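Participant: Let me begin by handing over the structure; questions about it come next.
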Amino acid sequence: MRGDCAEINLRLNYDKIKNKSFDEERALYACEDAEIEDCRFEGPADGESALKECANISVKNCRFDLRYPLWHCKNLKMTGCTQTENCRAALWYDENIEISDSELGGIKAVRECSNVVLKRDTINSPEFGWRSRNIKLKDVKLNSMYAFFEGQNIDAEELDLEGKYTFQYIKNSVFRNCRFQTKDAFWHAENVTVYDSFIGGEYTAWYSKNLTLVRCHIKGTQPLCYCEGLKLIDCTTEDCDLTFEYSDVDATIKGGIVSIKNPESGKICADSIGSLIITKDSRRKICAEIYE
């Protein structure tokens with residue numbers, strides 16, 4: 001026997017798999033160059049990791065009801081599929097994946113993936129999208145807590161999102177024509193721009209850096225505090241009180257704002273300001289310019 005290591009190809013080659021049911025452990029492990037259509041991954045064996053370590057696969061009109069089905073996959077296209085609430089941690093460590101017209105359920109549906117495209121999907125998944133990068137979303141409805149934690153290079157259009165603690169620690173991202181109803185959104189976000197969107201919830205974007213909001217409608221108490229390099233361009237507000245505390249901000253606000261408190265630096269222009277609160281016991285020097 002030779003002393004050097006022999007190269008062993010353990011990948012399984014398939015052509016087309018249709019109308020099959022799988023419930024065993026690693027049912028189609030390491031398959032590549034396959035079309036998988038109208039299949040069901042469910043059953044009494046309760047097997048995990050059905051499509052782990054796969055490459056160049058198309059998955060169409062399939063149902064997933066088992067855990068961890070799509071880990072370490074490359075070049076995956078999934079269309080018209082359903083992942084139930086039992087399909088937890090469905091897509092981890094994947095690269096070059098596209099998911100369209102699908103329903104994703106189960107906690108932690110996408111994590112540490114790269115080059116992800118989501119189109120016309122409905123997603124109900126706590127802790128969705130953690131530490132993933134290069135993500136494009138179009139016409140997606142998402143319900144999640146802690147969605148996109150530490151995500152990078154997110155490009156979203158027509159994203160309808162409800163939840164809590166969304167977009168914390170994200171970087172280098174752009175959002176257009178979106179609707180966000182989420183508490184504590186954009187905390188510690190860095191280099192993010194949001195265009196023509198609704199942002200509703202409490203305590204929006206505290207501790208963010210270089211956040212720019214363009215023609216956005218902002219609703220909720222105590223938004224945009226402790227920010228650095230914050231910009232608002234032709235935005236509107238609703239029920240925004242105690243806004244901009246200890247923030248460096250350059251803002252133009254159309255219409256009124258309930259109250260502004262202790263803005264640290266920059267310039268704020270609004271059509272009307274309900275009240276300007278400067279506390280005498282503040283430990284910081286307040287030198288922002290305020291205009292009505």
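Ordering of the structure tokens sets the chain letters (A, B, ...); residue numbers start at 1 within each chain; ligands are numbered from 1 in the order shown.
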What are the DSSP strand (DSSP E) residues of stretch 133-287 of chain A, as a PyMOL selection string?
Facilitator: chain A and resi 133-145+152-164+171-176+179-183+190-195+198-200+209-214+217-219+230-238+248-261+265-277
Participant: Can you write out as JSON lines which residues of stretch 131-154 of chain A fall within 9 Å of stretch 179-202 of chain A, alongside each residue's closest atom pair and its distance in Å to one decimal, counting only C-alpha atoms and ordering rows by chain and ascending residue number?
Facilitator:
{"residue": "A:Met145", "atom": "CA", "partner": "A:Thr182", "partner_atom": "CA", "distance": 8.7}
{"residue": "A:Tyr146", "atom": "CA", "partner": "A:Ala185", "partner_atom": "CA", "distance": 9.0}
{"residue": "A:Glu150", "atom": "CA", "partner": "A:Ala189", "partner_atom": "CA", "distance": 8.7}
Participant: Based on the selection just made, write C-alpha atoms of those residues as a PDB file, in the first residue's frame.
Facilitator:
ATOM      1  CA  MET A 145     -36.682  37.994  16.247  1.00  0.00           C
ATOM      2  CA  TYR A 146     -33.028  39.021  15.988  1.00  0.00           C
ATOM      3  CA  GLU A 150     -24.175  40.615  12.285  1.00  0.00           C
TER       4      GLU A 150
END
Participant: Using only C-alpha atoms, which residues sit within 6 Å of A:Lys209 once same-chain residues fewer than 4 positions away are excluded, as a PyMOL selection string?
Facilitator: chain A and resi 190+227-229
Participant: Which one of A:Cys54, A:Ala288, A:Val258, A:Ile268 sits closest to A:Gln222 if you count only C-alpha atoms?
Facilitator: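 Of A:Cys54, A:Ala288, A:Val258, A:Ile268, the one nearest A:Gln222 is A:Val258, counting only C-alpha atoms.
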Participant: In Å to one decimal, how far is atom CA of A:Gly129 from atom CA of A:Pro223?
Facilitator: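 It comes out at 24.2 Å.
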Participant: Please list as a PyMOL selection string every residue within 7 Å of A:Ile286, counting only C-alpha atoms and excluding residues in the same chain fewer than 3 positions away.
Facilitator: chain A and resi 262-265
Participant: Which residues of stretch 39-78 of chain A come within 10 Å of stretch 94-118 of chain A, and what is each one's closest atom pair and distance in Å (one decimal), counting only C-alpha atoms, sorted by chain and residue number, as JSON lines?
Facilitator:
{"residue": "A:Lys52", "atom": "CA", "partner": "A:Asp94", "partner_atom": "CA", "distance": 9.7}
{"residue": "A:Glu53", "atom": "CA", "partner": "A:Asp94", "partner_atom": "CA", "distance": 8.9}
{"residue": "A:Cys54", "atom": "CA", "partner": "A:Asp94", "partner_atom": "CA", "distance": 9.5}
{"residue": "A:Ala55", "atom": "CA", "partner": "A:Glu95", "partner_atom": "CA", "distance": 9.6}
{"residue": "A:Asn56", "atom": "CA", "partner": "A:Asn96", "partner_atom": "CA", "distance": 9.6}
{"residue": "A:Ile57", "atom": "CA", "partner": "A:Ile97", "partner_atom": "CA", "distance": 9.8}
{"residue": "A:Ser58", "atom": "CA", "partner": "A:Glu98", "partner_atom": "CA", "distance": 9.6}
{"residue": "A:Val59", "atom": "CA", "partner": "A:Ile99", "partner_atom": "CA", "distance": 9.4}
{"residue": "A:Lys60", "atom": "CA", "partner": "A:Ser102", "partner_atom": "CA", "distance": 9.5}
{"residue": "A:Asn61", "atom": "CA", "partner": "A:Ser102", "partner_atom": "CA", "distance": 8.6}
{"residue": "A:Cys62", "atom": "CA", "partner": "A:Ser102", "partner_atom": "CA", "distance": 9.6}
{"residue": "A:Arg63", "atom": "CA", "partner": "A:Glu103", "partner_atom": "CA", "distance": 9.7}
{"residue": "A:Phe64", "atom": "CA", "partner": "A:Leu104", "partner_atom": "CA", "distance": 9.4}
{"residue": "A:Asp65", "atom": "CA", "partner": "A:Gly106", "partner_atom": "CA", "distance": 9.4}
{"residue": "A:Leu66", "atom": "CA", "partner": "A:Gly106", "partner_atom": "CA", "distance": 10.0}
{"residue": "A:Arg67", "atom": "CA", "partner": "A:Gly106", "partner_atom": "CA", "distance": 8.9}
{"residue": "A:Tyr68", "atom": "CA", "partner": "A:Ala109", "partner_atom": "CA", "distance": 9.0}
{"residue": "A:Leu70", "atom": "CA", "partner": "A:Asp94", "partner_atom": "CA", "distance": 7.7}
{"residue": "A:Trp71", "atom": "CA", "partner": "A:Asp94", "partner_atom": "CA", "distance": 6.1}
{"residue": "A:His72", "atom": "CA", "partner": "A:Asp94", "partner_atom": "CA", "distance": 4.8}
{"residue": "A:Cys73", "atom": "CA", "partner": "A:Asp94", "partner_atom": "CA", "distance": 4.8}
{"residue": "A:Lys74", "atom": "CA", "partner": "A:Glu95", "partner_atom": "CA", "distance": 4.9}
{"residue": "A:Asn75", "atom": "CA", "partner": "A:Asn96", "partner_atom": "CA", "distance": 4.8}
{"residue": "A:Leu76", "atom": "CA", "partner": "A:Ile97", "partner_atom": "CA", "distance": 4.6}
{"residue": "A:Lys77", "atom": "CA", "partner": "A:Glu98", "partner_atom": "CA", "distance": 4.8}
{"residue": "A:Met78", "atom": "CA", "partner": "A:Ile99", "partner_atom": "CA", "distance": 4.8}
Participant: Expressed in Å to a single decimal, how great is the separation between atom CA of A:Ala156 and atom CA of A:Ser173?
Facilitator: 8.3 Å
Participant: What is the atom CA of A:Asp250 to atom CA of A:Leu213 distance in Å?
Facilitator: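 We find that atom CA of A:Asp250 and atom CA of A:Leu213 lie 10.6 Å from each other.
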Participant: Using only C-alpha atoms, which residue out of A:Asn172, A:Asp121, A:Lys261, A:Asp160 lies closest to A:Asn134?
Facilitator: A:Asn172
Participant: Write out as a list in words the residues lying within 6 Å of A:Asp155, counting only C-alpha atoms and excluding same-chain residues fewer than 6 positions away.
Facilitator: Lys136, Ser173, Val174 and Phe175 of chain A
Participant: Suppose we keep N, CA and C atoms; can you now write the selection as a CSV table (one decimal), in the first residue's frame?
Facilitator:
chain,number,residue,atom,x,y,z
A,136,LYS,N,-29.4,39.3,-1.0
A,136,LYS,CA,-30.4,40.1,-1.8
A,136,LYS,C,-31.8,39.6,-1.6
A,173,SER,N,-25.1,48.0,4.2
A,173,SER,CA,-26.3,47.4,3.6
A,173,SER,C,-27.2,48.5,3.1
A,174,VAL,N,-28.1,48.2,2.2
A,174,VAL,CA,-29.1,49.1,1.6
A,174,VAL,C,-30.5,48.5,1.6
A,175,PHE,N,-31.5,49.4,1.9
A,175,PHE,CA,-32.9,49.0,1.9
A,175,PHE,C,-33.7,50.0,1.1
Participant: Would you mind listing what lies within 8 Å of stretch 232-236 of chain A as a list in words, with only C-alpha atoms counted and same-chain residues fewer than 2 positions away left out?
Facilitator: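 My list of contacting residues is Thr212, Leu213, Val214, Arg215, Cys216, His217, Ile218, Leu230, Glu238, Val249, Asp250, Ala251, Thr252, Ile253, Lys254, Gly255 and Gly256 of chain A.
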